[in-house]
Structures are given as C-alpha cells and as structure tokens.
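Beneath this line is the structure, given in structure tokens, with notes to follow.
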Amino acid sequence: MASVRVAFASTDREHVDQHFGATEAFAIFEVGAEAARLVGVEAFIDNAQDGNENKLPAKIATLAGCAAVYCLAVGASAVKQLLAAGIQPLRVEEGTPIERLVAELREEIASGPGGWLGRALKAGQPADSARFDTMEAEGWSE
C-alpha cells in the first residue's frame, strides 16, 4: 500500500494550531488510501518566537521522512529550508481538524493524487527495473 508521512503543527494532536517556527509539537501520521495512524509526536521545549533562525534546522530534522507539514504560517526562510529537505509546507486555517486533513489525504491517495502528494508517493515507490528492458527493446544502448 502506498503511503506518505505527514506532520501537523499541533499542541493537542487534534487540530492544526501552531506556526511552523514556533510550534510546540508536531503530530506525525502515516497516511495511505486504506488507513492512517499516528506514528509519533515530536515536542520542543524552547518555543520563543524570537526570530531565531537557529531553531529551524532542528525542527526540519525532526521531520525527516515526512513529505509535508501542515501549519498556520511559515516564514520564507523556513519554506526554502523545508523545500530543500523535500518537505512541502502547507498552510491551513487555525483550528483545522487533523482528522479532516487526514481524510482528505486518504481520498486523494485513493483517487490518484497529483501535485506534491503524487510526487511524494512516486518517490517512495521502488524504481521499475523493467523500464530498462523496454528501453533495450526499443534499441537504446549505452
């Protein structure tokens, strides 16, 4: 089953209610067409919104393996760093239920995802080794 890990900036594991850089915690879910489950919670002690860019690399590192992060807002520097790490930042309205976002992801996976979700799922799939056989049959060579 194709699945993707997604993080939500949340204090209660039920709603998206935090800005990326100042989040107190990320709830991380594994989401597939058939099911979704909470796989972890990453909490942070120092959440001061002081504009300190040094906190970003540590937060981004905790999202290793995630395809996206949902949050209320994310600064330009954080967007650049997230995208460089292969993580799609997504902004939502305050109080958006995580359960609803997970349900939407499951529906999109089941119906044939596009955009960032399609790319993330494709990146998680093993390469098709038969493509080389097809290329050889078409006359390709090194």
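Residue names in the structure tokens use chain letters A, B, ... in the order shown, residue numbers from 1 in each chain, and ligand numbers from 1 in the order shown.
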
Please extract the residues of chain A with a backbone DSSP assignment of helix (DSSP H, G or I) and present them as a ChimeraX atom specification. /A:55-62,76-84,98-111,115-123,130-137

Would you put the residues from that selection into a file with N, CA and C atoms, as a short mmCIF file (atom, residue, chain, number, x, y, z; two decimals), in the first residue's frame?
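Once written, again_38.cif looks like this:
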data_model
loop_
_atom_site.label_atom_id
_atom_site.label_comp_id
_atom_site.auth_asym_id
_atom_site.auth_seq_id
_atom_site.Cartn_x
_atom_site.Cartn_y
_atom_site.Cartn_z
N LYS A 55 16.72 27.69 15.27
CA LYS A 55 15.77 26.65 15.68
C LYS A 55 15.22 25.89 14.47
N LEU A 56 15.29 26.48 13.29
CA LEU A 56 14.69 25.86 12.11
C LEU A 56 15.34 24.53 11.71
N PRO A 57 16.68 24.44 11.64
CA PRO A 57 17.28 23.17 11.24
C PRO A 57 16.88 22.00 12.14
N ALA A 58 16.79 22.24 13.44
CA ALA A 58 16.40 21.17 14.37
C ALA A 58 14.96 20.74 14.12
N LYS A 59 14.08 21.70 13.89
CA LYS A 59 12.68 21.35 13.62
C LYS A 59 12.55 20.61 12.30
N ILE A 60 13.26 21.07 11.31
CA ILE A 60 13.21 20.40 10.00
C ILE A 60 13.78 18.99 10.10
N ALA A 61 14.84 18.82 10.88
CA ALA A 61 15.44 17.49 11.06
C ALA A 61 14.45 16.51 11.68
N THR A 62 13.58 16.99 12.56
CA THR A 62 12.60 16.08 13.18
C THR A 62 11.56 15.60 12.18
N ALA A 76 9.43 32.74 5.02
CA ALA A 76 10.11 32.49 3.75
C ALA A 76 11.37 31.65 3.91
N SER A 77 12.17 31.93 4.94
CA SER A 77 13.39 31.16 5.18
C SER A 77 13.05 29.69 5.46
N ALA A 78 12.02 29.48 6.29
CA ALA A 78 11.62 28.11 6.61
C ALA A 78 11.09 27.39 5.37
N VAL A 79 10.34 28.10 4.53
CA VAL A 79 9.83 27.49 3.30
C VAL A 79 10.99 26.99 2.45
N LYS A 80 12.00 27.82 2.26
CA LYS A 80 13.17 27.43 1.46
C LYS A 80 13.84 26.20 2.04
N GLN A 81 14.03 26.19 3.36
CA GLN A 81 14.71 25.07 4.01
C GLN A 81 13.87 23.79 3.95
N LEU A 82 12.57 23.93 4.14
CA LEU A 82 11.69 22.76 4.06
C LEU A 82 11.71 22.17 2.65
N LEU A 83 11.55 23.02 1.64
CA LEU A 83 11.55 22.53 0.26
C LEU A 83 12.88 21.87 -0.09
N ALA A 84 13.97 22.44 0.39
CA ALA A 84 15.30 21.86 0.14
C ALA A 84 15.41 20.48 0.77
N ILE A 98 -7.17 17.84 12.34
CA ILE A 98 -6.22 16.93 11.70
C ILE A 98 -6.97 15.76 11.07
N GLU A 99 -7.99 15.27 11.74
CA GLU A 99 -8.77 14.15 11.22
C GLU A 99 -9.34 14.46 9.83
N ARG A 100 -9.80 15.69 9.63
CA ARG A 100 -10.35 16.08 8.32
C ARG A 100 -9.24 16.12 7.26
N LEU A 101 -8.08 16.67 7.62
CA LEU A 101 -6.96 16.74 6.67
C LEU A 101 -6.48 15.34 6.29
N VAL A 102 -6.41 14.45 7.27
CA VAL A 102 -6.01 13.06 7.01
C VAL A 102 -7.02 12.39 6.09
N ALA A 103 -8.31 12.61 6.33
CA ALA A 103 -9.35 12.02 5.48
C ALA A 103 -9.22 12.53 4.04
N GLU A 104 -8.94 13.82 3.88
CA GLU A 104 -8.75 14.39 2.54
C GLU A 104 -7.54 13.77 1.85
N LEU A 105 -6.45 13.57 2.59
CA LEU A 105 -5.27 12.93 2.02
C LEU A 105 -5.57 11.50 1.59
N ARG A 106 -6.29 10.76 2.43
CA ARG A 106 -6.64 9.37 2.10
C ARG A 106 -7.48 9.32 0.83
N GLU A 107 -8.44 10.23 0.70
CA GLU A 107 -9.28 10.28 -0.50
C GLU A 107 -8.45 10.58 -1.74
N GLU A 108 -7.53 11.54 -1.61
CA GLU A 108 -6.70 11.91 -2.75
C GLU A 108 -5.78 10.76 -3.15
N ILE A 109 -5.21 10.06 -2.18
CA ILE A 109 -4.36 8.91 -2.48
C ILE A 109 -5.16 7.85 -3.21
N ALA A 110 -6.38 7.59 -2.75
CA ALA A 110 -7.24 6.56 -3.35
C ALA A 110 -7.67 6.93 -4.77
N SER A 111 -7.86 8.23 -5.03
CA SER A 111 -8.37 8.64 -6.34
C SER A 111 -7.28 8.97 -7.34
N GLY A 115 0.09 16.74 -7.89
CA GLY A 115 0.89 17.72 -7.16
C GLY A 115 1.92 17.12 -6.23
N TRP A 116 2.12 17.77 -5.09
CA TRP A 116 3.15 17.33 -4.14
C TRP A 116 2.88 15.92 -3.63
N LEU A 117 1.60 15.57 -3.44
CA LEU A 117 1.28 14.24 -2.91
C LEU A 117 1.63 13.15 -3.93
N GLY A 118 1.32 13.38 -5.18
CA GLY A 118 1.68 12.42 -6.23
C GLY A 118 3.18 12.23 -6.33
N ARG A 119 3.91 13.35 -6.25
CA ARG A 119 5.39 13.27 -6.31
C ARG A 119 5.94 12.51 -5.11
N ALA A 120 5.38 12.79 -3.93
CA ALA A 120 5.87 12.13 -2.71
C ALA A 120 5.61 10.63 -2.76
N LEU A 121 4.44 10.24 -3.22
CA LEU A 121 4.13 8.81 -3.31
C LEU A 121 5.00 8.12 -4.35
N LYS A 122 5.23 8.79 -5.47
CA LYS A 122 6.08 8.21 -6.52
C LYS A 122 7.52 8.06 -6.02
N ALA A 123 8.00 9.04 -5.27
CA ALA A 123 9.36 8.98 -4.74
C ALA A 123 9.53 7.84 -3.75
N ALA A 130 12.00 -2.88 -14.93
CA ALA A 130 11.57 -3.33 -16.27
C ALA A 130 11.68 -2.21 -17.30
N ARG A 131 11.79 -0.96 -16.85
CA ARG A 131 11.89 0.14 -17.81
C ARG A 131 13.14 0.01 -18.67
N PHE A 132 14.21 -0.59 -18.13
CA PHE A 132 15.43 -0.78 -18.90
C PHE A 132 15.23 -1.84 -19.98
N ASP A 133 14.44 -2.87 -19.68
CA ASP A 133 14.12 -3.89 -20.69
C ASP A 133 13.37 -3.26 -21.85
N THR A 134 12.43 -2.37 -21.52
CA THR A 134 11.66 -1.68 -22.56
C THR A 134 12.56 -0.80 -23.40
N MET A 135 13.48 -0.08 -22.75
CA MET A 135 14.41 0.77 -23.49
C MET A 135 15.30 -0.05 -24.41
N GLU A 136 15.77 -1.22 -23.92
CA GLU A 136 16.62 -2.07 -24.74
C GLU A 136 15.85 -2.60 -25.94
N ALA A 137 14.60 -2.97 -25.73
CA ALA A 137 13.76 -3.48 -26.81
C ALA A 137 13.52 -2.40 -27.89
#

Could you find all residues in region 20-126 of chain A that DSSP calls strand (DSSP E or B) from the backbone, and write them as JSON, numbers by chain? {"A": [25, 26, 27, 28, 29, 30, 31, 32, 36, 37, 38, 39, 40, 41, 42, 43, 66, 67, 68, 69, 70, 71, 88, 89, 90, 91, 96, 97]}

Let's have the selection written as an mmCIF file, in the first residue's frame, with N, CA and C atoms.
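Output (part.cif):
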data_model
loop_
_atom_site.group_PDB
_atom_site.id
_atom_site.type_symbol
_atom_site.label_atom_id
_atom_site.label_comp_id
_atom_site.auth_asym_id
_atom_site.auth_seq_id
_atom_site.Cartn_x
_atom_site.Cartn_y
_atom_site.Cartn_z
ATOM 1 N N ALA A 25 4.908 21.326 19.067
ATOM 2 C CA ALA A 25 4.968 19.897 18.748
ATOM 3 C C ALA A 25 4.455 19.631 17.346
ATOM 4 N N PHE A 26 4.932 18.528 16.785
ATOM 5 C CA PHE A 26 4.418 18.005 15.518
ATOM 6 C C PHE A 26 3.787 16.647 15.799
ATOM 7 N N ALA A 27 2.575 16.449 15.313
ATOM 8 C CA ALA A 27 1.954 15.123 15.315
ATOM 9 C C ALA A 27 2.234 14.548 13.940
ATOM 10 N N ILE A 28 2.861 13.379 13.886
ATOM 11 C CA ILE A 28 3.270 12.788 12.607
ATOM 12 C C ILE A 28 2.419 11.555 12.335
ATOM 13 N N PHE A 29 1.804 11.559 11.147
ATOM 14 C CA PHE A 29 0.919 10.473 10.732
ATOM 15 C C PHE A 29 1.455 9.783 9.493
ATOM 16 N N GLU A 30 1.223 8.481 9.411
ATOM 17 C CA GLU A 30 1.451 7.698 8.193
ATOM 18 C C GLU A 30 0.072 7.575 7.551
ATOM 19 N N VAL A 31 -0.056 8.064 6.319
ATOM 20 C CA VAL A 31 -1.361 8.126 5.667
ATOM 21 C C VAL A 31 -1.320 7.346 4.361
ATOM 22 N N GLY A 32 -2.276 6.431 4.211
ATOM 23 C CA GLY A 32 -2.446 5.677 2.978
ATOM 24 C C GLY A 32 -3.913 5.698 2.590
ATOM 25 N N ALA A 36 -4.835 5.341 8.181
ATOM 26 C CA ALA A 36 -3.876 6.340 8.657
ATOM 27 C C ALA A 36 -3.661 6.092 10.139
ATOM 28 N N ARG A 37 -2.441 6.372 10.597
ATOM 29 C CA ARG A 37 -2.174 6.173 12.022
ATOM 30 C C ARG A 37 -1.133 7.180 12.496
ATOM 31 N N LEU A 38 -1.258 7.559 13.754
ATOM 32 C CA LEU A 38 -0.285 8.428 14.388
ATOM 33 C C LEU A 38 0.971 7.598 14.635
ATOM 34 N N VAL A 39 2.106 8.052 14.116
ATOM 35 C CA VAL A 39 3.347 7.291 14.292
ATOM 36 C C VAL A 39 4.304 7.960 15.270
ATOM 37 N N GLY A 40 4.014 9.210 15.637
ATOM 38 C CA GLY A 40 4.879 9.860 16.601
ATOM 39 C C GLY A 40 4.489 11.288 16.871
ATOM 40 N N VAL A 41 5.011 11.793 17.974
ATOM 41 C CA VAL A 41 4.840 13.192 18.339
ATOM 42 C C VAL A 41 6.213 13.724 18.705
ATOM 43 N N GLU A 42 6.608 14.800 18.075
ATOM 44 C CA GLU A 42 7.885 15.439 18.370
ATOM 45 C C GLU A 42 7.589 16.744 19.093
ATOM 46 N N ALA A 43 8.013 16.867 20.341
ATOM 47 C CA ALA A 43 7.758 18.070 21.133
ATOM 48 C C ALA A 43 9.040 18.872 21.307
ATOM 49 N N CYS A 66 9.146 12.865 6.330
ATOM 50 C CA CYS A 66 7.810 13.430 6.075
ATOM 51 C C CYS A 66 7.790 14.083 4.693
ATOM 52 N N ALA A 67 6.665 13.957 4.021
ATOM 53 C CA ALA A 67 6.505 14.578 2.711
ATOM 54 C C ALA A 67 5.963 15.991 2.825
ATOM 55 N N ALA A 68 5.259 16.293 3.932
ATOM 56 C CA ALA A 68 4.644 17.605 4.086
ATOM 57 C C ALA A 68 4.463 17.933 5.556
ATOM 58 N N VAL A 69 4.264 19.228 5.816
ATOM 59 C CA VAL A 69 3.936 19.695 7.160
ATOM 60 C C VAL A 69 2.825 20.729 7.031
ATOM 61 N N TYR A 70 1.773 20.526 7.784
ATOM 62 C CA TYR A 70 0.654 21.459 7.836
ATOM 63 C C TYR A 70 0.858 22.377 9.032
ATOM 64 N N CYS A 71 0.665 23.688 8.829
ATOM 65 C CA CYS A 71 0.836 24.663 9.900
ATOM 66 C C CYS A 71 -0.007 25.897 9.603
ATOM 67 N N GLN A 88 7.020 19.508 1.817
ATOM 68 C CA GLN A 88 6.103 20.526 1.318
ATOM 69 C C GLN A 88 5.404 21.226 2.484
ATOM 70 N N PRO A 89 5.596 22.553 2.660
ATOM 71 C CA PRO A 89 4.856 23.260 3.702
ATOM 72 C C PRO A 89 3.448 23.594 3.193
ATOM 73 N N LEU A 90 2.450 23.400 4.058
ATOM 74 C CA LEU A 90 1.064 23.668 3.692
ATOM 75 C C LEU A 90 0.411 24.485 4.794
ATOM 76 N N ARG A 91 -0.174 25.627 4.435
ATOM 77 C CA ARG A 91 -0.836 26.485 5.414
ATOM 78 C C ARG A 91 -2.327 26.181 5.436
ATOM 79 N N THR A 96 -8.075 23.904 12.163
ATOM 80 C CA THR A 96 -8.463 22.879 11.191
ATOM 81 C C THR A 96 -8.227 21.508 11.814
ATOM 82 N N PRO A 97 -9.250 20.639 11.818
ATOM 83 C CA PRO A 97 -9.089 19.316 12.425
ATOM 84 C C PRO A 97 -8.113 18.430 11.628
#

Name the closest residue to Gly75 (chain A) among the candidates A:Arg5, A:Phe44, A:Ala22, A:Val16; distances are taken between atoms, counting only C-alpha atoms. A:Ala22

Polymer residues at most 9 Å from Glu24 (chain A), only C-alpha atoms, same-chain spacing of 5 or more positions, as an MDAnalysis selection string: chainID A and resid 9:11 18 42:47

For the atom pair CA of Ala33 (chain A) and CA of Ala7 (chain A), what is the interatomic distance in Å to one decimal place?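 Result for CA of Ala33 (chain A) versus CA of Ala7 (chain A): 16.9 Å, one decimal.
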
Straight-line distance linking CA of Gly114 (chain A) with CA of Ala73 (chain A), stated in Å to one decimal: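 According to the coordinates, CA of Gly114 (chain A) and CA of Ala73 (chain A) are separated by 23.0 Å.
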
As a check of understanding: the span from CA of His19 (chain A) to CA of Val74 (chain A) is 6.2 Å

Of the listed residues A:Gly21, A:Ala64, A:Ser3, A:Glu14, that which approaches Glu94 (chain A) most closely, counting only C-alpha atoms: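 Among A:Gly21, A:Ala64, A:Ser3, A:Glu14, it is A:Glu14 that comes nearest to Glu94 (chain A).
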